[in-house]
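**Student:** Data: work-v8.txt, compact mmCIF, C-alpha atoms.
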```
# COMPACT_ATOMS: atom_id res chain seq x y z
CA MET A 1261 45.54 72.30 -0.63
CA SER A 1262 44.19 73.83 2.53
CA ILE A 1263 43.91 72.76 6.16
CA GLY A 1264 40.89 74.05 8.02
CA GLN A 1265 40.75 77.81 7.67
CA TYR A 1266 44.43 77.96 6.62
CA SER A 1267 46.40 77.54 3.44
CA PHE A 1268 49.08 74.87 3.90
CA GLU A 1269 51.74 77.57 4.32
CA GLU A 1270 49.68 79.51 6.86
CA TYR A 1271 49.08 76.30 8.78
CA LEU A 1272 52.82 75.55 8.88
CA SER A 1273 53.41 79.00 10.32
CA VAL A 1274 50.81 78.42 13.06
CA VAL A 1275 52.47 75.07 13.72
CA LYS A 1276 55.88 76.66 14.01
CA SER A 1277 54.63 79.21 16.48
CA PHE A 1278 52.91 76.64 18.73
CA HIS A 1279 54.96 73.48 18.28
CA GLY A 1280 58.35 75.15 17.81
CA TYR A 1281 59.13 73.79 14.35
CA THR A 1282 57.34 72.55 11.24
CA ALA A 1283 57.28 68.90 12.22
CA PRO A 1284 56.15 66.49 9.48
CA GLY A 1285 53.85 64.84 12.02
CA LEU A 1286 51.92 68.08 12.35
CA ALA A 1287 51.72 68.53 8.59
CA ALA A 1288 50.27 65.04 8.22
CA GLY A 1289 48.20 65.57 11.37
CA GLY A 1290 46.66 68.70 9.87
CA PHE A 1291 45.26 66.76 6.93
CA MET A 1292 44.09 64.02 9.26
CA VAL A 1293 42.19 66.36 11.58
CA ASP A 1294 40.72 68.10 8.54
CA LEU A 1295 39.50 64.77 7.14
CA ALA A 1296 37.95 63.81 10.46
CA LEU A 1297 36.23 67.18 10.84
CA SER A 1298 34.81 66.92 7.32
CA ARG A 1299 33.05 63.67 8.27
CA MET A 1300 31.53 64.94 11.52
CA PRO A 1301 27.95 66.17 11.35
CA GLY A 1302 27.57 69.89 12.10
CA GLY A 1303 26.59 71.04 15.57
CA VAL A 1304 27.85 67.94 17.35
CA LEU A 1305 29.75 68.50 20.59
CA PHE A 1306 32.73 66.24 20.08
CA ASP A 1307 35.69 64.95 22.04
CA ALA A 1308 38.96 63.72 20.56
CA VAL A 1309 41.34 60.83 21.10
CA SER A 1310 44.92 60.81 19.92
CA GLU A 1311 46.37 57.31 19.74
CA THR A 1312 49.90 58.68 20.04
CA ARG A 1313 51.70 61.23 22.20
CA ASN A 1314 53.84 62.35 19.27
CA CYS A 1315 52.91 65.45 17.28
CA LEU A 1316 49.28 64.53 16.58
CA PRO A 1317 47.91 65.98 19.86
CA ASP A 1318 49.16 69.41 18.76
CA ALA A 1319 47.39 69.23 15.39
CA ILE A 1320 44.18 68.40 17.26
CA GLN A 1321 44.71 71.25 19.72
CA LEU A 1322 45.36 73.74 16.91
CA LEU A 1323 42.46 72.75 14.66
CA THR A 1324 39.66 71.74 17.02
CA PRO A 1325 38.27 73.09 20.32
CA CYS A 1326 39.76 70.03 22.07
CA THR A 1327 42.83 70.55 24.25
CA VAL A 1328 44.57 68.48 26.90
CA GLY A 1329 43.81 71.09 29.55
CA ASN A 1330 40.08 71.33 28.85
CA GLY A 1331 39.79 67.55 28.87
CA TRP A 1332 38.15 67.27 25.47
CA LEU A 1333 41.31 65.68 24.07
CA LYS A 1334 42.44 62.42 25.58
CA ILE A 1335 45.72 60.77 24.72
CA ILE A 1336 45.38 57.00 24.77
CA ASN A 1337 48.80 55.77 23.76
CA LEU A 1338 48.11 52.87 21.39
CA GLY A 1339 51.26 53.58 19.39
CA ARG A 1340 49.36 54.24 16.16
CA PHE A 1341 49.44 57.55 14.31
CA ALA A 1342 45.67 57.92 14.38
CA LEU A 1343 42.96 60.06 15.90
CA SER A 1344 39.26 59.98 16.49
CA LEU A 1345 36.60 62.62 16.91
CA TYR A 1346 33.35 61.46 18.44
CA ASP A 1347 30.04 62.73 19.76
CA LYS A 1348 30.70 63.14 23.47
CA HIS A 1349 27.25 61.82 24.37
CA SER A 1350 26.64 58.94 21.94
CA GLY A 1351 30.28 57.98 21.30
CA LYS A 1352 29.68 57.83 17.53
CA GLY A 1353 32.53 59.20 15.51
CA VAL A 1354 35.22 58.85 12.92
CA ARG A 1355 38.76 57.56 13.13
CA VAL A 1356 41.50 58.66 10.75
CA PHE A 1357 44.68 56.60 10.46
CA VAL A 1358 47.81 56.38 8.35
CA ASP A 1359 47.26 53.79 5.63
CA ALA A 1360 50.48 51.79 5.46
CA GLN A 1361 49.86 50.74 1.86
CA LYS A 1362 49.01 54.18 0.53
CA ILE A 1363 52.16 55.81 1.83
CA ARG A 1364 54.30 53.41 -0.19
CA ALA A 1365 53.68 55.67 -3.17
CA TRP A 1366 55.47 58.50 -1.32
CA PRO A 1367 59.03 57.33 -0.54
CA GLU A 1368 60.10 60.19 1.71
CA VAL A 1369 56.92 59.83 3.78
CA GLU A 1370 57.40 56.08 3.98
CA ALA A 1371 61.05 56.49 5.04
CA TRP A 1372 60.05 58.97 7.74
CA LEU A 1373 57.14 57.02 9.16
CA PHE A 1374 58.90 53.66 9.19
CA LYS A 1375 62.20 55.23 10.30
CA LEU A 1376 64.05 53.88 7.29
CA LYS A 1377 66.30 56.95 7.41
CA THR A 1378 67.88 58.79 10.29
CA LYS A 1379 66.78 62.36 10.88
CA GLN A 1380 70.06 63.51 9.32
CA GLU A 1381 69.41 61.49 6.17
CA GLN A 1382 65.86 62.81 5.75
CA ASP A 1383 65.17 65.56 3.25
CA GLY A 1384 62.88 67.70 5.41
CA GLN A 1385 61.70 69.94 2.59
CA LEU A 1386 60.90 67.02 0.28
CA LEU A 1387 59.10 65.27 3.12
CA LEU A 1388 56.84 68.26 3.80
CA GLU A 1389 56.28 68.67 0.06
CA GLN A 1390 55.22 65.02 -0.34
CA ILE A 1391 52.87 65.31 2.64
CA ARG A 1392 51.38 68.45 1.07
CA GLN A 1393 51.07 66.96 -2.41
CA ALA A 1394 49.53 63.73 -1.16
CA GLY A 1395 47.03 65.73 0.91
CA PRO A 1396 44.29 63.46 2.26
CA GLU A 1397 45.43 60.51 0.11
CA LEU A 1398 47.66 58.94 2.76
CA TYR A 1399 44.95 58.22 5.28
CA GLY A 1400 42.09 55.86 5.90
CA ILE A 1401 38.80 56.66 7.60
CA GLU A 1402 36.54 54.41 9.58
CA THR A 1403 33.49 54.97 11.69
CA VAL A 1404 33.78 54.06 15.34
CA LEU A 1405 31.73 53.82 18.47
CA VAL A 1406 33.59 54.82 21.61
CA GLN A 1407 32.70 52.49 24.44
CA PRO A 1408 30.59 53.91 27.27
CA GLN A 1409 33.30 53.69 29.93
CA PHE A 1410 35.39 56.19 27.96
CA LEU A 1411 32.53 58.71 27.71
CA GLY A 1412 31.60 61.40 30.20
CA LYS A 1413 33.69 63.52 32.52
CA ARG A 1414 36.05 62.14 35.06
CA ARG A 1415 34.22 62.55 38.36
CA ARG A 1416 36.47 64.05 40.95
CA GLY A 1417 35.73 63.92 44.64
CA GLY A 1418 36.63 66.41 47.33
CA ILE A 1419 39.84 68.36 47.79
CA GLY A 1420 41.76 68.41 51.05
CA CYS A 1421 45.27 69.27 52.13
CA CYS A 1422 47.92 66.57 52.09
CA ASN A 1423 49.10 65.70 55.59
CA MET A 1424 52.69 65.65 54.40
CA CYS A 1425 53.23 68.49 51.92
CA GLY A 1426 50.20 70.54 52.97
CA GLU A 1427 49.12 71.13 49.37
CA PRO A 1428 45.58 70.74 48.03
CA TYR A 1429 45.02 67.28 46.53
CA PRO A 1430 42.10 64.92 45.71
CA ILE A 1431 41.23 63.14 48.95
CA ASP A 1432 40.22 60.09 46.93
CA ASP A 1433 43.97 59.54 46.46
CA GLY A 1434 44.30 58.57 50.14
CA ALA A 1435 45.69 60.06 53.34
CA ILE A 1436 48.58 61.72 51.52
CA CYS A 1437 48.95 62.92 47.95
CA ARG A 1438 50.45 60.84 45.17
CA ALA A 1439 53.64 62.88 45.19
CA CYS A 1440 54.24 62.27 48.90
CA ALA A 1441 53.32 58.63 48.31
CA GLY A 1442 56.40 58.34 46.12
CA GLU A 1443 55.28 59.24 42.61
CA THR A 1444 57.15 62.52 42.45
CA PRO A 1445 59.80 62.94 39.77
CA TYR A 1446 61.68 65.53 41.86
CA VAL A 1447 64.08 65.90 44.67
CA VAL A 1448 63.27 69.16 46.43
CA PHE A 1449 66.58 70.75 47.35
CA GLY A 1450 65.53 74.16 48.42
CA GLU A 1451 62.32 75.66 49.66
CA ALA A 1452 60.84 79.08 49.42
CA ASN A 1453 57.53 80.50 50.55
CA ARG A 1454 56.31 77.20 51.91
CA SER A 1455 54.83 77.09 55.39
CA THR A 1456 57.13 74.82 57.35
CA VAL A 1457 54.47 72.95 59.28
CA ALA A 1458 52.16 70.72 57.33
CA TRP A 1459 48.56 71.25 58.30
CA SER A 1460 45.22 69.66 57.68
CA ARG A 1461 42.15 71.45 56.54
CA GLN A 1462 39.31 70.78 58.98
CA MET B 1217 49.18 92.90 36.40
CA SER B 1218 50.55 91.19 33.31
CA ILE B 1219 51.17 87.61 32.24
CA GLY B 1220 54.13 87.07 29.98
CA GLN B 1221 53.83 89.37 26.99
CA TYR B 1222 50.12 89.94 27.66
CA SER B 1223 48.00 92.16 29.84
CA PHE B 1224 45.67 90.07 32.00
CA GLU B 1225 42.76 90.86 29.66
CA GLU B 1226 44.75 89.98 26.54
CA TYR B 1227 45.81 86.73 28.17
CA LEU B 1228 42.17 85.85 28.96
CA SER B 1229 41.30 86.40 25.33
CA VAL B 1230 44.11 84.06 24.19
CA VAL B 1231 42.87 81.55 26.76
CA LYS B 1232 39.32 81.78 25.46
CA SER B 1233 40.44 81.20 21.91
CA PHE B 1234 42.55 78.12 22.76
CA HIS B 1235 40.83 76.60 25.78
CA GLY B 1236 37.25 77.50 24.83
CA TYR B 1237 36.44 79.62 27.87
CA THR B 1238 38.16 81.75 30.49
CA ALA B 1239 38.66 79.01 33.04
CA PRO B 1240 39.89 80.17 36.46
CA GLY B 1241 42.50 77.40 36.34
CA LEU B 1242 44.08 79.06 33.34
CA ALA B 1243 44.01 82.48 34.96
CA ALA B 1244 45.82 81.09 38.00
CA GLY B 1245 47.99 78.95 35.73
CA GLY B 1246 49.10 82.03 33.82
CA PHE B 1247 50.52 83.63 36.95
CA MET B 1248 52.12 80.34 37.94
CA VAL B 1249 53.88 79.84 34.61
CA ASP B 1250 54.96 83.48 34.69
CA LEU B 1251 56.45 83.01 38.16
CA ALA B 1252 58.30 79.88 37.10
CA LEU B 1253 59.66 81.55 33.96
CA SER B 1254 60.89 84.52 35.99
CA ARG B 1255 63.04 82.17 38.11
CA MET B 1256 64.61 80.28 35.19
CA PRO B 1257 68.02 81.49 34.04
CA GLY B 1258 68.02 82.86 30.49
CA GLY B 1259 69.09 80.67 27.60
CA VAL B 1260 68.28 77.39 29.33
CA LEU B 1261 66.54 74.75 27.23
CA PHE B 1262 63.80 73.66 29.56
CA ASP B 1263 61.11 71.01 29.77
CA ALA B 1264 57.93 71.25 31.81
CA VAL B 1265 55.91 69.00 34.09
CA SER B 1266 52.28 69.59 34.95
CA GLU B 1267 51.19 67.73 38.08
CA THR B 1268 47.56 67.81 36.99
CA ARG B 1269 45.64 67.16 33.78
CA ASN B 1270 43.22 69.99 34.55
CA CYS B 1271 43.68 73.40 32.95
CA LEU B 1272 47.34 73.90 33.88
CA PRO B 1273 48.73 72.06 30.82
CA ASP B 1274 47.06 74.66 28.59
CA ALA B 1275 48.64 77.59 30.45
CA ILE B 1276 52.02 75.94 29.95
CA GLN B 1277 51.33 75.32 26.27
CA LEU B 1278 50.25 78.92 25.72
CA LEU B 1279 53.09 80.62 27.59
CA THR B 1280 56.13 78.40 26.99
CA PRO B 1281 57.56 76.49 24.01
CA CYS B 1282 56.52 73.24 25.73
CA THR B 1283 53.55 71.34 24.30
CA VAL B 1284 52.21 67.83 24.73
CA GLY B 1285 52.84 67.06 21.06
CA ASN B 1286 56.47 68.17 21.01
CA GLY B 1287 57.17 66.19 24.16
CA TRP B 1288 58.62 69.09 26.14
CA LEU B 1289 55.57 69.09 28.42
CA LYS B 1290 54.90 65.96 30.39
CA ILE B 1291 51.77 65.46 32.48
CA ILE B 1292 52.52 63.45 35.59
CA ASN B 1293 49.21 63.27 37.38
CA LEU B 1294 50.06 63.79 41.03
CA GLY B 1295 46.73 65.51 41.71
CA ARG B 1296 48.36 68.78 42.77
CA PHE B 1297 47.81 72.09 40.99
CA ALA B 1298 51.51 72.64 40.41
CA LEU B 1299 54.05 72.79 37.62
CA SER B 1300 57.78 72.66 37.16
CA LEU B 1301 60.15 73.99 34.56
CA TYR B 1302 63.61 72.45 34.52
CA ASP B 1303 66.82 72.37 32.54
CA LYS B 1304 66.35 69.39 30.25
CA HIS B 1305 69.96 68.32 30.67
CA SER B 1306 70.74 68.90 34.35
CA GLY B 1307 67.19 68.52 35.72
CA LYS B 1308 67.58 71.67 37.85
CA GLY B 1309 64.50 73.78 37.95
CA VAL B 1310 61.70 75.48 39.79
CA ARG B 1311 58.34 74.24 40.97
CA VAL B 1312 55.35 76.54 41.50
CA PHE B 1313 52.42 75.32 43.57
CA VAL B 1314 49.20 76.66 45.08
CA ASP B 1315 49.85 77.63 48.69
CA ALA B 1316 46.86 76.36 50.66
CA GLN B 1317 47.39 78.91 53.44
CA LYS B 1318 47.79 81.94 51.21
CA ILE B 1319 44.56 81.36 49.33
CA ARG B 1320 42.58 81.56 52.56
CA ALA B 1321 42.77 85.34 52.23
CA TRP B 1322 40.78 85.09 48.96
CA PRO B 1323 37.44 83.43 49.74
CA GLU B 1324 36.20 82.93 46.18
CA VAL B 1325 39.51 81.35 45.18
CA GLU B 1326 39.45 79.14 48.26
CA ALA B 1327 35.85 78.07 47.55
CA TRP B 1328 36.74 77.22 43.95
CA LEU B 1329 39.92 75.31 44.67
CA PHE B 1330 38.54 73.31 47.58
CA LYS B 1331 35.16 72.85 45.86
CA LEU B 1332 33.29 74.49 48.74
CA LYS B 1333 30.73 75.77 46.24
CA THR B 1334 29.13 74.14 43.22
CA LYS B 1335 29.87 75.67 39.84
CA GLN B 1336 26.41 77.23 39.91
CA GLU B 1337 27.09 78.88 43.26
CA GLN B 1338 30.43 80.31 42.16
CA ASP B 1339 30.68 83.94 41.16
CA GLY B 1340 32.84 83.52 38.05
CA GLN B 1341 33.59 87.19 37.62
CA LEU B 1342 34.56 87.68 41.25
CA LEU B 1343 36.72 84.56 41.10
CA LEU B 1344 38.66 85.82 38.07
CA GLU B 1345 38.96 89.23 39.71
CA GLN B 1346 40.38 87.75 42.92
CA ILE B 1347 42.87 85.65 40.93
CA ARG B 1348 43.90 88.79 39.04
CA GLN B 1349 44.17 90.95 42.16
CA ALA B 1350 46.12 88.36 44.12
CA GLY B 1351 48.49 87.95 41.17
CA PRO B 1352 51.55 85.91 42.18
CA GLU B 1353 50.63 86.04 45.88
CA LEU B 1354 48.73 82.75 45.91
CA TYR B 1355 51.64 80.53 45.01
CA GLY B 1356 54.79 79.08 46.48
CA ILE B 1357 58.05 78.41 44.72
CA GLU B 1358 60.67 75.80 45.41
CA THR B 1359 63.76 74.65 43.61
CA VAL B 1360 63.78 71.06 42.44
CA LEU B 1361 66.03 68.54 40.83
CA VAL B 1362 64.27 66.23 38.42
CA GLN B 1363 65.58 62.72 38.81
CA PRO B 1364 67.70 61.32 35.97
CA GLN B 1365 65.20 58.66 34.88
CA PHE B 1366 62.74 61.42 33.97
CA LEU B 1367 65.27 63.28 31.81
CA GLY B 1368 66.06 62.72 28.15
CA LYS B 1369 63.90 61.66 25.27
CA ARG B 1370 61.85 58.53 25.18
CA ARG B 1371 63.81 56.16 22.98
CA ARG B 1372 61.57 54.57 20.46
CA GLY B 1373 62.52 51.47 18.51
CA GLY B 1374 61.53 50.43 15.01
CA ILE B 1375 58.16 50.73 13.33
CA GLY B 1376 56.44 47.80 11.64
CA CYS B 1377 52.93 46.96 10.55
CA CYS B 1378 50.60 45.28 13.00
CA ASN B 1379 49.73 41.75 11.93
CA MET B 1380 46.10 42.33 12.82
CA CYS B 1381 45.10 45.85 11.81
CA GLY B 1382 47.94 46.39 9.33
CA GLU B 1383 48.74 49.85 10.69
CA PRO B 1384 52.22 51.16 11.53
CA TYR B 1385 53.07 50.64 15.23
CA PRO B 1386 56.17 50.41 17.47
CA ILE B 1387 57.42 46.83 17.17
CA ASP B 1388 58.63 47.03 20.77
CA ASP B 1389 54.95 46.72 21.71
CA GLY B 1390 54.93 43.07 20.58
CA ALA B 1391 53.59 41.03 17.67
CA ILE B 1392 50.44 43.11 17.44
CA CYS B 1393 49.72 46.71 18.36
CA ARG B 1394 48.29 47.78 21.70
CA ALA B 1395 44.91 48.50 20.15
CA CYS B 1396 44.60 44.99 18.71
CA ALA B 1397 45.88 43.66 22.04
CA GLY B 1398 42.72 45.01 23.64
CA GLU B 1399 43.53 48.56 24.71
CA THR B 1400 41.31 50.23 22.13
CA PRO B 1401 38.45 52.41 23.38
CA TYR B 1402 36.43 51.83 20.18
CA VAL B 1403 34.18 49.39 18.50
CA VAL B 1404 34.72 49.75 14.77
CA PHE B 1405 31.33 49.45 13.14
CA GLY B 1406 32.08 50.48 9.62
CA GLU B 1407 35.19 50.57 7.52
CA ALA B 1408 36.27 52.73 4.67
CA ASN B 1409 39.49 52.94 2.70
CA ARG B 1410 41.17 50.17 4.66
CA SER B 1411 42.83 47.36 2.76
CA THR B 1412 40.87 44.27 3.74
CA VAL B 1413 43.82 41.94 4.11
CA ALA B 1414 46.23 42.63 6.94
CA TRP B 1415 49.77 42.50 5.75
CA SER B 1416 53.23 42.54 7.23
CA ARG B 1417 56.00 44.79 6.15
CA GLN B 1418 59.01 42.62 5.23
```
Will you turn the file into structure tokens for me?
**Tutor:**
Amino acid sequence: MSIGQYSFEEYLSVVKSFHGYTAPGLAAGGFMVDLALSRMPGGVLFDAVSETRNCLPDAIQLLTPCTVGNGWLKIINLGRFALSLYDKHSGKGVRVFVDAQKIRAWPEVEAWLFKLKTKQEQDGQLLLEQIRQAGPELYGIETVLVQPQFLGKRRRGGIGCCNMCGEPYPIDDGAICRACAGETPYVVFGEANRSTVAWSRQ
Amino acid sequence: MSIGQYSFEEYLSVVKSFHGYTAPGLAAGGFMVDLALSRMPGGVLFDAVSETRNCLPDAIQLLTPCTVGNGWLKIINLGRFALSLYDKHSGKGVRVFVDAQKIRAWPEVEAWLFKLKTKQEQDGQLLLEQIRQAGPELYGIETVLVQPQFLGKRRRGGIGCCNMCGEPYPIDDGAICRACAGETPYVVFGEANRSTVAWSRQ
């Protein structure tokens, strides 16, 4: 059982190094990405969607050219453990999802995915072993067409300096940046190296 | 000039392998993450925030244990090229941002960040060289306190099967999953391996 260019064990070691631990979601995700890749025609420039924020984005980032930072991976949180790869121009692609019926044959996988056991009650080794043994069997594949409004690059307008914090920001966001408009998660309780007077770029 | 465990050149090669190309945003991001790490006390379990979706998340994922998939990196799109690392329990941390005044001394960096030149007009090599030469000089640092509502794990409730698509989904989302509720970016135009009758898990 292999995942991309890796044996299952090699893949788990890459996972551990990037993700911090050998999460079952990345083991399953590895097979899912592999399945999706195997159905994509060669030479197609593709983008990816992860339908969950949990685990699966990292499998996509490890096994495809698509990352969050390069914009080729989008996370659209639909709450399903599923992903799609699709031609970035035509939108044609494949979607791989967890098949709720198929996993019933693998009790530790079922218990994990449906949260029938607490993390403490789970047998982590057995879970990884069942995911490995089942291989691609747990998943379904369907062909999809990504709708046009989700294709193409986000167009970004000009960059100016925020009249409040003085930092560069997209001027399309308004007269001040989103952070100064109240979306910041921080309280700033000490400053260093910041020019004290906000200024505008003319 | 080094970035984390890497020389600048080694770092660019890691960037190329993960991100696909040696984006200037990752070169700058490398110094920014490095600066933030240098201000964090040792032994602290920290989470990260990227204030932009562009490039910076990948620098964080390459140079810290925080990834999108493990949930330790959150992207809060404030439109600023800035990041924070903070103690995941207390919320205390550091924020590193691009200092709009400091970059004026580096014309190619300024032209890139404020989009004064098109991509075609940019001198990519010179840009990378200026980012390398400037090193940590382009950035400001401030101490922050992340507000309590942004700390802690997302609590997720139970998992059931969607009454429409039959796939596992968080039952807190309602009677059907978000995709079936209309948030899907796809048209499904062919099915394979999916059980034809939707079913509910009892």
**Student:** Choose the residue, out of A:Met1424, A:Ile1391, A:Ile1320, A:Met1292, that has the smallest atom-to-atom separation from chain B; count all atoms listed in the file.
**Tutor:**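 Ranked by minimum distance to chain B, first place goes to A:Ile1320.
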**Student:** Which chain A residues are at most 6 Å from chain B (counting all atoms listed in the file), as an MDAnalysis selection string?
**Tutor:** chainID A and resid 1314:1315 1317:1318 1329:1330 1338:1340 1360 1374 1400:1407 1419 1427 1429 1438:1439 1445:1454
**Student:** Could you state the separation of CA of Trp1328 (chain B) and CA of Arg1255 (chain B) in Å, given to one decimal place?
**Tutor:** 27.4 Å
**Student:** Any idea what the distance is between CA of Ser1218 (chain B) and CA of Ile1319 (chain B)?
**Tutor:**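 For CA of Ser1218 (chain B) relative to CA of Ile1319 (chain B), the distance reads 19.7 Å.
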**Student:** Counting only C-alpha atoms, what is within 9 Å of Ala1287 (chain A), bar same-chain residues fewer than 6 positions away, as a list in words?
**Tutor:**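 So, after excluding close chain neighbours, the residues are Phe1268, Tyr1271, Leu1272, Val1275, Ala1319, Leu1388, Ile1391 and Arg1392 of chain A.
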**Student:** Separation of CA of Gly1351 (chain B) and CA of Met1256 (chain B), in Å?
**Tutor:**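 Here the two named atoms are 18.8 Å from each other.
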**Student:** So which one's closest to Pro1323 (chain B), B:Lys1304, B:Asn1379, B:Leu1299, B:Leu1354? Using only C-alpha atoms, please.
**Tutor:**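 Once distances to Pro1323 (chain B) are computed over only C-alpha atoms, the minimum belongs to B:Leu1354.
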